[in-house]
Amino acid sequence: MAIPQSIDDRTRDALSREQTVIDMTTIGRKSGKPRRIEIVLHNIDGRLYISGQPREERRGWLNNVASTPQFTVHLKRGVKADLPATAREITDPKERRTVLEGVARHWKRDDVDTMVQYSPLIEVKLL
């Protein structure tokens, strides 16, 4: 299950939304320093994912979680919470397509093939 039972009801409700704007703090793979960015967290079929718009360049945050998979999800709209998490980069084309079809629906996009090829994608496991 993507949302641990130990999480309070308000936080669980916030995480259960189809998508919510969050901050995430990763550890810089070169600097070793915390790096905080704003990004969208998606809930697709009860599992949590972070993706991004398609772009050929690999994102810094994705490099950071590839190096150090532990990061922090910061809820900031309505409910405020700092949640420890781990990232699993999704590289399998079939799994990427399945998840990114859901992300595309949230974003009202119809270029799933481009997203599968160029969008960053991780599954978020809350600890």
# chains A, B, ... in the order shown; residues from 1 in each chain; ligands from 1
$ residues_around --residues "A:Trp61" --least-positions-apart "3" --cutoff "12 Å" --atoms "only C-alpha atoms" --output "number ranges by chain"
A: 23-30, 34-39, 50-52, 57-58, 64-72, 87, 89, 120-122
$ residues_around --residues "A:Lys94" --least-positions-apart "4" --cutoff "12 Å" --atoms "only C-alpha atoms" --output "PDB file with N, CA and C atoms, in the first residue's frame"
ATOM      1  N   ILE A  90      11.032   4.313 -12.537  1.00  0.00           N
ATOM      2  CA  ILE A  90      10.317   3.376 -13.399  1.00  0.00           C
ATOM      3  C   ILE A  90      10.903   3.487 -14.802  1.00  0.00           C
ATOM      4  N   THR A  98       1.668   2.523 -18.639  1.00  0.00           N
ATOM      5  CA  THR A  98       0.490   2.385 -17.776  1.00  0.00           C
ATOM      6  C   THR A  98       0.367   3.574 -16.828  1.00  0.00           C
ATOM      7  N   VAL A  99       1.453   3.916 -16.161  1.00  0.00           N
ATOM      8  CA  VAL A  99       1.421   5.023 -15.195  1.00  0.00           C
ATOM      9  C   VAL A  99       1.243   6.357 -15.914  1.00  0.00           C
ATOM     10  N   LEU A 100       1.996   6.573 -16.974  1.00  0.00           N
ATOM     11  CA  LEU A 100       1.950   7.869 -17.657  1.00  0.00           C
ATOM     12  C   LEU A 100       0.632   8.105 -18.381  1.00  0.00           C
ATOM     13  N   GLU A 101      -0.107   7.066 -18.716  1.00  0.00           N
ATOM     14  CA  GLU A 101      -1.466   7.264 -19.230  1.00  0.00           C
ATOM     15  C   GLU A 101      -2.324   7.936 -18.158  1.00  0.00           C
ATOM     16  N   VAL A 112       1.015  10.646 -25.020  1.00  0.00           N
ATOM     17  CA  VAL A 112       1.547   9.617 -24.115  1.00  0.00           C
ATOM     18  C   VAL A 112       2.840   9.016 -24.655  1.00  0.00           C
ATOM     19  N   ASP A 113       2.932   8.810 -25.968  1.00  0.00           N
ATOM     20  CA  ASP A 113       4.165   8.241 -26.529  1.00  0.00           C
ATOM     21  C   ASP A 113       5.373   9.123 -26.204  1.00  0.00           C
ATOM     22  N   VAL A 116       6.157   8.775 -22.483  1.00  0.00           N
ATOM     23  CA  VAL A 116       6.837   7.506 -22.184  1.00  0.00           C
ATOM     24  C   VAL A 116       8.317   7.614 -22.533  1.00  0.00           C
ATOM     25  N   GLN A 117       8.619   8.304 -23.609  1.00  0.00           N
ATOM     26  CA  GLN A 117      10.011   8.416 -24.048  1.00  0.00           C
ATOM     27  C   GLN A 117      10.805   9.425 -23.220  1.00  0.00           C
TER      28      GLN A 117
END
$ residues_around --residues "A:Arg17" --least-positions-apart "6" --cutoff "10 Å" --atoms "only C-alpha atoms" --output "PyMOL selection string"
chain A and resi 41-44+46
$ write_last_selection --atoms "N, CA and C atoms" --output "compact mmCIF listing (two decimals), in the first residue's frame"
# COMPACT_ATOMS: atom_id res chain seq x y z
N LEU A 41 2.66 15.59 -7.25
CA LEU A 41 2.53 14.21 -6.79
C LEU A 41 1.20 13.67 -7.33
N HIS A 42 1.26 12.51 -7.97
CA HIS A 42 0.06 11.89 -8.55
C HIS A 42 -0.33 10.65 -7.75
N ASN A 43 -1.63 10.47 -7.53
CA ASN A 43 -2.16 9.24 -6.95
C ASN A 43 -2.91 8.53 -8.07
N ILE A 44 -2.37 7.39 -8.48
CA ILE A 44 -2.98 6.60 -9.55
C ILE A 44 -3.26 5.22 -9.00
N GLY A 46 -4.28 4.37 -6.13
CA GLY A 46 -3.80 4.20 -4.76
C GLY A 46 -2.29 4.17 -4.61
$ residues_around --residues "stretch 124-127 of chain A" --least-positions-apart "5" --cutoff "6 Å" --atoms "only C-alpha atoms" --output "list in words"
Ala2, Leu48, Tyr49, Pro84, Ala85, Thr86 and Ala87 of chain A
$ atom_distance --atom1 "atom CA of A:Met115" --atom2 "atom CA of A:Pro4"
29.0 Å
$ closest_residue --among "A:Leu62, A:Val103, A:Ile3, A:Leu83" --to "A:Glu18" --atoms "only C-alpha atoms"
A:Val103
$ select_by_dssp --residues "chain A" --states "strand (DSSP E or B)" --output "ChimeraX atom specification"
/A:19-27,34-44,47-51,70-75,81-89,121-126
$ write_last_selection --atoms "C-alpha atoms" --output "mmCIF file, in the first residue's frame"
data_model
loop_
_atom_site.group_PDB
_atom_site.id
_atom_site.type_symbol
_atom_site.label_atom_id
_atom_site.label_comp_id
_atom_site.auth_asym_id
_atom_site.auth_seq_id
_atom_site.Cartn_x
_atom_site.Cartn_y
_atom_site.Cartn_z
ATOM 1 C CA GLN A 19 -2.724 15.165 -7.965
ATOM 2 C CA THR A 20 -1.341 17.704 -5.550
ATOM 3 C CA VAL A 21 1.476 20.225 -5.719
ATOM 4 C CA ILE A 22 4.210 19.364 -3.232
ATOM 5 C CA ASP A 23 7.821 20.166 -2.548
ATOM 6 C CA MET A 24 10.363 17.376 -2.548
ATOM 7 C CA THR A 25 13.783 17.502 -0.952
ATOM 8 C CA THR A 26 16.444 15.271 -2.439
ATOM 9 C CA ILE A 27 20.137 14.998 -1.622
ATOM 10 C CA PRO A 34 19.578 19.110 0.312
ATOM 11 C CA ARG A 35 17.827 20.279 -2.872
ATOM 12 C CA ARG A 36 14.175 21.341 -2.630
ATOM 13 C CA ILE A 37 11.878 21.789 -5.638
ATOM 14 C CA GLU A 38 8.148 22.176 -6.292
ATOM 15 C CA ILE A 39 6.589 19.311 -8.254
ATOM 16 C CA VAL A 40 3.303 17.412 -8.694
ATOM 17 C CA LEU A 41 2.526 14.205 -6.790
ATOM 18 C CA HIS A 42 0.061 11.885 -8.549
ATOM 19 C CA ASN A 43 -2.162 9.244 -6.949
ATOM 20 C CA ILE A 44 -2.984 6.605 -9.549
ATOM 21 C CA ARG A 47 -0.093 4.389 -5.634
ATOM 22 C CA LEU A 48 1.974 7.571 -5.535
ATOM 23 C CA TYR A 49 4.124 8.836 -8.410
ATOM 24 C CA ILE A 50 6.141 11.883 -9.379
ATOM 25 C CA SER A 51 6.644 12.715 -13.029
ATOM 26 C CA GLN A 70 15.627 8.545 0.210
ATOM 27 C CA PHE A 71 13.912 11.937 0.002
ATOM 28 C CA THR A 72 11.219 14.008 1.723
ATOM 29 C CA VAL A 73 7.708 14.781 0.466
ATOM 30 C CA HIS A 74 6.528 18.151 1.811
ATOM 31 C CA LEU A 75 2.750 18.653 1.774
ATOM 32 C CA ALA A 81 3.529 17.526 6.622
ATOM 33 C CA ASP A 82 7.081 16.369 5.956
ATOM 34 C CA LEU A 83 7.015 12.704 4.979
ATOM 35 C CA PRO A 84 10.087 10.515 4.527
ATOM 36 C CA ALA A 85 9.984 8.468 1.337
ATOM 37 C CA THR A 86 12.022 6.393 -1.063
ATOM 38 C CA ALA A 87 12.006 6.570 -4.840
ATOM 39 C CA ARG A 88 11.939 3.798 -7.392
ATOM 40 C CA GLU A 89 12.661 4.987 -10.902
ATOM 41 C CA LEU A 121 8.935 8.949 -13.530
ATOM 42 C CA ILE A 122 9.342 7.564 -10.033
ATOM 43 C CA GLU A 123 7.108 5.622 -7.706
ATOM 44 C CA VAL A 124 7.006 7.128 -4.214
ATOM 45 C CA LYS A 125 7.047 4.790 -1.224
ATOM 46 C CA LEU A 126 6.233 6.594 2.004
#
$ closest_residue --among "A:Arg59, A:Arg96, A:Arg10, A:Lys80" --to "A:Thr114" --atoms "only C-alpha atoms"
A:Arg96
$ atom_distance --atom1 "atom CA of A:Ala14" --atom2 "atom CA of A:Lys108"
21.1 Å
$ atom_distance --atom1 "atom CA of A:Gly32" --atom2 "atom CA of A:Asn63"
12.2 Å
$ decode --residues "stretch 94-119 of chain A" --atoms "N, CA and C atoms" --output "PDB file, in the first residue's frame"
ATOM      1  N   LYS A  94       6.496  -0.819 -20.501  1.00  0.00           N
ATOM      2  CA  LYS A  94       5.075  -1.141 -20.265  1.00  0.00           C
ATOM      3  C   LYS A  94       4.573  -0.473 -18.991  1.00  0.00           C
ATOM      4  N   GLU A  95       5.365  -0.547 -17.925  1.00  0.00           N
ATOM      5  CA  GLU A  95       4.962   0.082 -16.666  1.00  0.00           C
ATOM      6  C   GLU A  95       4.910   1.598 -16.826  1.00  0.00           C
ATOM      7  N   ARG A  96       5.889   2.169 -17.528  1.00  0.00           N
ATOM      8  CA  ARG A  96       5.891   3.616 -17.767  1.00  0.00           C
ATOM      9  C   ARG A  96       4.612   4.035 -18.497  1.00  0.00           C
ATOM     10  N   ARG A  97       4.248   3.292 -19.539  1.00  0.00           N
ATOM     11  CA  ARG A  97       3.050   3.632 -20.312  1.00  0.00           C
ATOM     12  C   ARG A  97       1.803   3.583 -19.425  1.00  0.00           C
ATOM     13  N   THR A  98       1.668   2.523 -18.639  1.00  0.00           N
ATOM     14  CA  THR A  98       0.490   2.385 -17.776  1.00  0.00           C
ATOM     15  C   THR A  98       0.367   3.574 -16.828  1.00  0.00           C
ATOM     16  N   VAL A  99       1.453   3.916 -16.161  1.00  0.00           N
ATOM     17  CA  VAL A  99       1.421   5.023 -15.195  1.00  0.00           C
ATOM     18  C   VAL A  99       1.243   6.357 -15.914  1.00  0.00           C
ATOM     19  N   LEU A 100       1.996   6.573 -16.974  1.00  0.00           N
ATOM     20  CA  LEU A 100       1.950   7.869 -17.657  1.00  0.00           C
ATOM     21  C   LEU A 100       0.632   8.105 -18.381  1.00  0.00           C
ATOM     22  N   GLU A 101      -0.107   7.066 -18.716  1.00  0.00           N
ATOM     23  CA  GLU A 101      -1.466   7.264 -19.230  1.00  0.00           C
ATOM     24  C   GLU A 101      -2.324   7.936 -18.158  1.00  0.00           C
ATOM     25  N   GLY A 102      -2.149   7.531 -16.897  1.00  0.00           N
ATOM     26  CA  GLY A 102      -2.864   8.173 -15.796  1.00  0.00           C
ATOM     27  C   GLY A 102      -2.417   9.609 -15.590  1.00  0.00           C
ATOM     28  N   VAL A 103      -1.116   9.850 -15.631  1.00  0.00           N
ATOM     29  CA  VAL A 103      -0.591  11.212 -15.498  1.00  0.00           C
ATOM     30  C   VAL A 103      -1.124  12.081 -16.640  1.00  0.00           C
ATOM     31  N   ALA A 104      -1.120  11.560 -17.853  1.00  0.00           N
ATOM     32  CA  ALA A 104      -1.618  12.316 -19.011  1.00  0.00           C
ATOM     33  C   ALA A 104      -3.090  12.694 -18.827  1.00  0.00           C
ATOM     34  N   ARG A 105      -3.889  11.783 -18.272  1.00  0.00           N
ATOM     35  CA  ARG A 105      -5.304  12.105 -17.993  1.00  0.00           C
ATOM     36  C   ARG A 105      -5.392  13.263 -16.999  1.00  0.00           C
ATOM     37  N   HIS A 106      -4.580  13.217 -15.933  1.00  0.00           N
ATOM     38  CA  HIS A 106      -4.597  14.302 -14.941  1.00  0.00           C
ATOM     39  C   HIS A 106      -4.253  15.639 -15.601  1.00  0.00           C
ATOM     40  N   TRP A 107      -3.294  15.613 -16.521  1.00  0.00           N
ATOM     41  CA  TRP A 107      -2.815  16.835 -17.166  1.00  0.00           C
ATOM     42  C   TRP A 107      -3.547  17.159 -18.459  1.00  0.00           C
ATOM     43  N   LYS A 108      -4.528  16.317 -18.835  1.00  0.00           N
ATOM     44  CA  LYS A 108      -5.291  16.518 -20.077  1.00  0.00           C
ATOM     45  C   LYS A 108      -4.356  16.600 -21.293  1.00  0.00           C
ATOM     46  N   ARG A 109      -3.419  15.651 -21.344  1.00  0.00           N
ATOM     47  CA  ARG A 109      -2.457  15.557 -22.450  1.00  0.00           C
ATOM     48  C   ARG A 109      -2.811  14.357 -23.315  1.00  0.00           C
ATOM     49  N   ASP A 110      -2.447  14.427 -24.585  1.00  0.00           N
ATOM     50  CA  ASP A 110      -2.700  13.296 -25.478  1.00  0.00           C
ATOM     51  C   ASP A 110      -1.419  12.782 -26.142  1.00  0.00           C
ATOM     52  N   ASP A 111      -0.263  13.162 -25.601  1.00  0.00           N
ATOM     53  CA  ASP A 111       1.020  12.759 -26.192  1.00  0.00           C
ATOM     54  C   ASP A 111       1.727  11.719 -25.318  1.00  0.00           C
ATOM     55  N   VAL A 112       1.015  10.646 -25.020  1.00  0.00           N
ATOM     56  CA  VAL A 112       1.547   9.617 -24.115  1.00  0.00           C
ATOM     57  C   VAL A 112       2.840   9.016 -24.655  1.00  0.00           C
ATOM     58  N   ASP A 113       2.932   8.810 -25.968  1.00  0.00           N
ATOM     59  CA  ASP A 113       4.165   8.241 -26.529  1.00  0.00           C
ATOM     60  C   ASP A 113       5.373   9.123 -26.204  1.00  0.00           C
ATOM     61  N   THR A 114       5.207  10.430 -26.344  1.00  0.00           N
ATOM     62  CA  THR A 114       6.290  11.368 -26.019  1.00  0.00           C
ATOM     63  C   THR A 114       6.602  11.319 -24.531  1.00  0.00           C
ATOM     64  N   MET A 115       5.567  11.249 -23.707  1.00  0.00           N
ATOM     65  CA  MET A 115       5.778  11.175 -22.259  1.00  0.00           C
ATOM     66  C   MET A 115       6.535   9.903 -21.887  1.00  0.00           C
ATOM     67  N   VAL A 116       6.157   8.775 -22.483  1.00  0.00           N
ATOM     68  CA  VAL A 116       6.837   7.506 -22.184  1.00  0.00           C
ATOM     69  C   VAL A 116       8.317   7.614 -22.533  1.00  0.00           C
ATOM     70  N   GLN A 117       8.619   8.304 -23.609  1.00  0.00           N
ATOM     71  CA  GLN A 117      10.011   8.416 -24.048  1.00  0.00           C
ATOM     72  C   GLN A 117      10.805   9.425 -23.220  1.00  0.00           C
ATOM     73  N   TYR A 118      10.190  10.551 -22.810  1.00  0.00           N
ATOM     74  CA  TYR A 118      10.977  11.663 -22.270  1.00  0.00           C
ATOM     75  C   TYR A 118      10.608  12.158 -20.871  1.00  0.00           C
ATOM     76  N   SER A 119       9.541  11.678 -20.271  1.00  0.00           N
ATOM     77  CA  SER A 119       9.159  12.184 -18.946  1.00  0.00           C
ATOM     78  C   SER A 119       9.866  11.414 -17.841  1.00  0.00           C
TER      79      SER A 119
END
